[in-house]
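Okay, structure.txt now, which holds compact mmCIF, C-alpha atoms:
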# COMPACT_ATOMS: atom_id res chain seq x y z
CA MET S 125 -20.59 29.46 12.16
CA LYS S 126 -23.76 29.16 14.26
CA GLN S 127 -23.63 27.88 17.84
CA GLN S 128 -25.74 24.86 16.96
CA GLU S 129 -23.36 23.94 14.13
CA VAL S 130 -20.39 24.27 16.46
CA ARG S 131 -22.04 21.87 18.93
CA GLN S 132 -22.87 19.40 16.18
CA ARG S 133 -19.34 19.42 14.75
CA ALA S 134 -17.45 19.61 18.04
CA PHE S 135 -15.55 16.36 18.51
CA ALA S 136 -11.88 17.19 18.99
CA MET S 137 -9.56 20.16 18.62
CA PRO S 138 -9.11 22.05 16.43
CA LEU S 139 -12.77 22.29 15.44
CA THR S 140 -12.18 22.67 11.69
CA SER S 141 -9.39 20.07 11.48
CA PRO S 142 -9.49 17.58 14.40
CA ALA S 143 -6.22 15.92 15.38
CA PHE S 144 -7.88 12.49 15.11
CA PRO S 145 -11.08 11.04 13.60
CA PRO S 146 -14.13 9.66 15.43
CA GLY S 147 -14.13 5.96 16.33
CA PRO S 148 -14.65 3.10 16.59
CA TYR S 149 -10.96 2.23 16.67
CA ARG S 150 -9.37 -1.11 15.82
CA PHE S 151 -5.69 -1.94 16.30
CA VAL S 152 -4.43 -4.70 13.99
CA ASN S 153 -1.28 -6.79 14.54
CA ARG S 154 -0.22 -5.10 17.76
CA GLU S 155 3.08 -6.52 19.01
CA TYR S 156 4.09 -6.31 22.68
CA MET S 157 7.23 -7.02 24.65
CA ILE S 158 6.30 -6.96 28.33
CA ILE S 159 8.90 -7.16 31.08
CA THR S 160 7.42 -7.68 34.54
CA TYR S 161 9.52 -6.84 37.59
CA ARG S 162 9.04 -6.64 41.33
CA THR S 163 9.42 -3.29 43.07
CA ASP S 164 8.94 -1.48 46.39
CA PRO S 165 5.28 -1.78 47.55
CA ALA S 166 5.38 1.68 49.14
CA ALA S 167 6.50 3.20 45.83
CA VAL S 168 3.56 1.58 44.02
CA GLU S 169 1.04 2.78 46.61
CA ALA S 170 2.43 6.32 46.32
CA VAL S 171 1.42 6.60 42.64
CA LEU S 172 -1.95 4.79 42.67
CA PRO S 173 -5.05 7.02 42.84
CA GLU S 174 -7.85 5.92 45.17
CA PRO S 175 -9.97 3.83 45.07
CA LEU S 176 -7.52 1.64 43.10
CA GLN S 177 -5.48 -0.72 45.25
CA MET S 178 -2.22 -2.51 44.54
CA ALA S 179 -2.78 -6.13 43.49
CA GLU S 180 0.88 -7.05 44.00
CA PRO S 181 4.17 -5.09 44.11
CA VAL S 182 5.01 -5.53 40.43
CA VAL S 183 5.25 -3.29 37.36
CA ARG S 184 4.79 -4.29 33.73
CA TYR S 185 7.03 -2.32 31.40
CA GLU S 186 5.73 -2.49 27.82
CA PHE S 187 7.24 -1.84 24.40
CA ILE S 188 4.50 -1.88 21.74
CA ARG S 189 4.38 -1.78 17.96
CA MET S 190 1.10 -0.46 16.51
CA PRO S 191 1.48 -0.89 12.72
CA ASP S 192 -2.18 -0.62 11.66
CA SER S 193 -4.50 1.52 13.80
CA THR S 194 -7.80 3.03 12.64
CA GLY S 195 -7.33 6.76 12.10
CA PHE S 196 -4.01 6.77 13.96
CA GLY S 197 -1.70 5.05 11.49
CA ASP S 198 1.61 3.32 12.21
CA TYR S 199 3.44 4.11 15.46
CA SER S 200 5.12 2.70 18.58
CA GLU S 201 4.47 3.09 22.31
CA SER S 202 6.25 2.40 25.58
CA GLY S 203 5.25 2.74 29.21
CA GLN S 204 4.47 1.37 32.67
CA VAL S 205 1.38 -0.56 33.77
CA ILE S 206 0.53 -1.59 37.35
CA PRO S 207 -1.71 -4.55 38.30
CA VAL S 208 -4.51 -3.27 40.55
CA THR S 209 -7.84 -4.17 42.10
CA PHE S 210 -11.00 -2.06 42.03
CA ARG S 211 -13.68 -3.12 44.52
CA GLY S 212 -12.23 -6.60 44.55
CA GLU S 213 -11.89 -6.97 40.77
CA ARG S 214 -8.45 -7.34 39.19
CA GLY S 215 -7.36 -4.96 36.45
CA SER S 216 -4.51 -2.76 35.22
CA TYR S 217 -3.66 0.92 35.75
CA THR S 218 -1.60 2.72 33.11
CA LEU S 219 0.89 5.01 34.84
CA ALA S 220 2.89 6.47 31.92
CA MET S 221 3.19 6.18 28.14
CA PHE S 222 5.48 7.59 25.45
CA LEU S 223 4.76 7.44 21.71
CA ASP S 224 5.92 8.87 18.40
CA ASP S 225 2.68 9.88 16.62
CA GLN S 226 0.56 12.99 17.29
CA PRO S 227 -2.98 11.69 16.45
CA PRO S 228 -2.95 8.79 18.96
CA LEU S 229 -1.16 11.00 21.49
CA ALA S 230 -3.94 13.61 21.30
CA GLY S 231 -6.74 11.06 20.95
CA GLY S 232 -5.51 8.90 23.79
CA ARG S 233 -5.32 11.85 26.17
CA GLU S 234 -8.53 13.63 25.15
CA LEU S 235 -10.85 10.64 24.71
CA TRP S 236 -9.83 8.22 27.44
CA GLY S 237 -7.22 9.93 29.57
CA PHE S 238 -4.17 7.86 28.61
CA PRO S 239 -1.08 9.46 30.24
CA LYS S 240 0.71 9.97 26.91
CA LYS S 241 3.74 12.13 26.14
CA ALA S 242 5.97 12.42 23.08
CA GLY S 243 9.00 10.14 22.87
CA LYS S 244 10.83 7.74 20.56
CA PRO S 245 9.97 4.13 21.42
CA ARG S 246 11.17 1.25 19.26
CA LEU S 247 10.57 -2.51 19.19
CA GLU S 248 12.71 -4.53 16.77
CA VAL S 249 14.15 -8.00 16.24
CA HIS S 250 17.95 -8.19 16.10
CA GLN S 251 18.96 -11.71 15.06
CA ASP S 252 17.74 -13.92 17.96
CA THR S 253 16.80 -11.09 20.34
CA LEU S 254 13.80 -8.81 20.67
CA VAL S 255 15.04 -5.30 21.56
CA GLY S 256 12.89 -2.47 22.91
CA SER S 257 14.14 1.06 23.51
CA LEU S 258 12.80 4.46 24.54
CA ASP S 259 14.61 7.69 23.70
CA PHE S 260 13.66 11.20 24.77
CA GLY S 261 15.46 13.50 22.38
CA PRO S 262 19.10 12.32 22.32
CA VAL S 263 18.83 10.53 25.69
CA ARG S 264 18.21 6.78 26.03
CA ILE S 265 15.62 6.41 28.82
CA ALA S 266 14.90 2.68 28.87
CA THR S 267 16.09 -0.53 27.21
CA GLY S 268 14.57 -3.99 27.24
CA THR S 269 15.78 -7.27 25.73
CA MET S 270 14.18 -10.69 25.42
CA GLY S 271 14.97 -13.98 23.70
CA TYR S 272 13.04 -14.68 20.50
CA LYS S 273 10.07 -17.09 20.84
CA TYR S 274 11.49 -19.48 23.45
CA GLU S 275 8.30 -20.98 24.92
CA ALA S 276 4.68 -20.65 23.77
CA LEU S 277 2.23 -19.28 26.35
CA ASP S 278 -1.25 -20.56 27.22
CA ARG S 279 -3.63 -18.58 25.00
CA SER S 280 -6.66 -19.19 27.20
CA ALA S 281 -4.88 -17.65 30.20
CA LEU S 282 -3.81 -14.70 28.06
CA LEU S 283 -7.37 -14.15 26.81
CA ALA S 284 -8.61 -14.17 30.40
CA SER S 285 -6.07 -11.51 31.40
CA LEU S 286 -6.98 -9.35 28.38
CA ALA S 287 -10.63 -9.48 29.45
CA GLU S 288 -9.80 -7.72 32.73
CA PRO S 289 -10.68 -4.00 32.97
CA ASN S 290 -8.14 -1.24 32.45
CA PHE S 291 -8.07 2.00 34.42
CA LEU S 292 -6.87 5.52 33.61
CA LEU S 293 -6.83 8.82 35.49
CA LYS S 294 -8.27 11.40 33.09
CA ILE S 295 -7.33 15.01 33.90
CA ILE S 296 -8.44 18.01 31.82
CA PRO S 297 -7.67 21.43 33.36
CA HIS S 298 -9.88 24.53 33.43
CA VAL S 299 -8.57 27.84 32.08
CA ASP S 300 -7.26 28.78 35.53
CA GLY S 301 -5.31 25.53 35.84
CA SER S 302 -7.74 23.87 38.25
CA PRO S 303 -9.07 20.43 37.24
CA ARG S 304 -12.18 20.78 35.05
CA ILE S 305 -12.30 16.98 34.74
CA CYS S 306 -10.54 14.62 37.14
CA GLU S 307 -12.02 11.14 36.95
CA LEU S 308 -11.14 7.49 36.96
CA VAL S 309 -11.87 5.92 33.55
CA ARG S 310 -12.56 2.22 33.10
CA TYR S 311 -12.32 0.61 29.66
CA HIS S 312 -12.13 -2.87 28.15
CA THR S 313 -10.16 -4.27 25.23
CA THR S 314 -12.66 -5.98 22.92
CA ASP S 315 -12.77 -8.19 19.82
CA VAL S 316 -9.39 -9.71 20.68
CA ALA S 317 -7.62 -12.06 18.25
CA ILE S 318 -4.35 -13.57 19.52
CA LYS S 319 -1.72 -14.11 16.82
CA GLY S 320 0.90 -15.63 19.13
CA ALA S 321 2.46 -15.36 22.60
CA TRP S 322 5.81 -16.50 23.99
CA SER S 323 7.99 -16.20 27.08
CA ALA S 324 11.79 -16.00 27.24
CA PRO S 325 14.63 -14.67 29.43
CA GLY S 326 14.92 -10.89 29.39
CA ARG S 327 16.21 -7.73 31.05
CA TRP S 328 15.06 -4.14 31.53
CA SER S 329 17.07 -1.06 32.51
CA CYS S 330 16.20 2.60 32.98
CA ILE S 331 18.16 5.77 33.74
CA ARG S 332 17.35 7.88 36.78
CA THR S 333 14.04 9.47 35.83
CA ARG S 334 10.72 9.65 37.68
CA TRP S 335 10.15 6.06 36.62
CA ARG S 336 13.01 5.02 38.90
CA ARG S 337 10.67 5.58 41.83
CA LEU S 338 9.35 2.18 40.75
CA ARG S 339 12.86 0.76 40.52
CA PRO S 340 13.23 -2.95 39.72
CA CYS S 341 14.16 -5.24 42.60
CA ARG S 342 14.06 -8.37 40.44
CA CYS S 343 13.08 -9.11 36.85
CA TRP S 344 10.27 -11.63 37.21
CA LYS S 345 9.12 -12.64 33.73
CA CYS S 346 9.14 -11.52 30.10
CA CYS S 347 6.66 -12.21 27.36
CA ARG S 348 6.01 -11.31 23.77
CA ARG S 349 2.54 -11.33 22.23
CA GLY S 350 0.82 -10.32 19.02
CA ILE S 351 -2.88 -9.41 19.00
CA SER S 352 -5.55 -7.48 17.14
CA SER S 353 -8.18 -5.69 19.23
CA ALA S 354 -10.55 -2.74 19.52
CA ILE S 355 -11.49 -0.08 22.07

Conversion result in structure tokens:
Amino acid sequence: MKQQEVRQRAFAMPLTSPAFPPGPYRFVNREYMIITYRTDPAAVEAVLPEPLQMAEPVVRYEFIRMPDSTGFGDYSESGQVIPVTFRGERGSYTLAMFLDDQPPLAGGRELWGFPKKAGKPRLEVHQDTLVGSLDFGPVRIATGTMGYKYEALDRSALLASLAEPNFLLKIIPHVDGSPRICELVRYHTTDVAIKGAWSAPGRWSCIRTRWRRLRPCRCWKCCRRGISSAI
């Protein structure tokens, strides 16, 4: 294969059978359960890369169903998101994510810098309760519960929050282990269609992992939402 052909075909690894296809990517009927809790401000500041600044000492823990994603298929995700500001503008910083599907794991890391690792997240309805869980091998890492569709949320406020920028720390190492790429990535969720959004009482618990550095002081609010969107 000639060098020019390699350059023309080079998109993702491996060259002859990329782990994921080129975009654009659309995610249809995404379902979220988001549990927001207050935590130690010093713990938040310790994990935020400059120039991002803490907006408030809270963490959003998310369980997500992704049943219809361009090129990525049907999978689930779970992770922590921190409200931040960047040069005075509010946004969100994704700290950690676990998911159960290789193409979006590879694509998320290589394209945008999502901090994705393999895990077993689930989001299901059990009678009148929405239940989210995250397992790593045989170990239950996190569990979240929320009442089913108690109170409808203001869609205009939700759309405004979804229009805020999102931030990632993209790290790709060189062959000697030093950072070849280490940059702050900013992206927006676009073409958003809200299918529904509700709040209800809920709880979140986590075993003693690195996530416990952002331990919950008080569960603040819980919401469930369904959207379709693109990146």

Across S:Thr253, S:Gln204, S:Gln128, S:Thr160, the smallest distance to Glu180 (chain S), with all atoms listed in the file counted, is shown by S:Thr160

Exercise: Ser352 (chain S) partners within 10 Å, all atoms listed in the file, chain neighbours under 2 positions left out, as a ChimeraX atom specification: /S:150-155,190,192-193,313-319,350,354

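Among S:Ser216, S:Ser257, S:Thr163, S:Gln177, the residue with the shortest atom-to-atom distance to Trp328 (chain S), counting only C-alpha atoms, is S:Ser257.
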
Could you name the residues that touch Arg349 (chain S) at 6 Å or less, counting all atoms listed in the file, but leaving out those on the same chain fewer than 2 positions away, as a VMD selection string? chain S and resid 155 to 156 320 to 321

Ranking S:Ala284, S:Ile351, S:Ala324, S:Val208 by minimum distance to Met178 (chain S) and counting all atoms listed in the file, which one comes first?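 Result for the nearest residue to Met178 (chain S): S:Val208.
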
Which residue out of S:Arg184, S:Lys240, S:Lys294, S:His250 has the minimum interatomic distance to Ile159 (chain S) when only C-alpha atoms are used?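 Between S:Arg184, S:Lys240, S:Lys294, S:His250, the residue approaching Ile159 (chain S) most closely is S:Arg184.
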
Kindly give the distance, in Å, that separates CA of Pro145 (chain S) and CA of Phe196 (chain S), rounded to a single decimal.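 Computing it gives 8.3 Å between the two atoms.
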
At a cut-off of 9 Å, using all atoms listed in the file, what residues contact region 261-264 of chain S? Leave out same-chain residues fewer than 6 positions from it and give the result as an NGL selection string. :S and (243-244 or 330-331)

So how far away is CA of Glu234 (chain S) from CA of Cys306 (chain S), in Å?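 Answer for the CA of Cys306 (chain S) to CA of Glu234 (chain S) separation: 12.2 Å.
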
Could you tell me how far CA of Leu254 (chain S) lies from CA of Tyr274 (chain S), in Å and to one decimal?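 Separation between CA of Leu254 (chain S) and CA of Tyr274 (chain S): 11.3 Å.
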
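Closest to Gln251 (chain S) among S:Leu235, S:Cys346, S:Val182, S:Met270 is S:Met270, based on only C-alpha atoms.
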
List as a PyMOL selection string the protein and nucleic acid residues near Glu248 (chain S), meaning an atom at most 12 Å away when all atoms listed in the file are counted, but skip any in the same chain fewer than 4 places from it. chain S and resi 155-157+187-189+200+252-258+267-272+348

When you count only C-alpha atoms, which of these residues is closest to Asp278 (chain S): S:Cys347, S:Ala167, S:Val299, S:Ile206?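 The closest residue to Asp278 (chain S) is S:Cys347.
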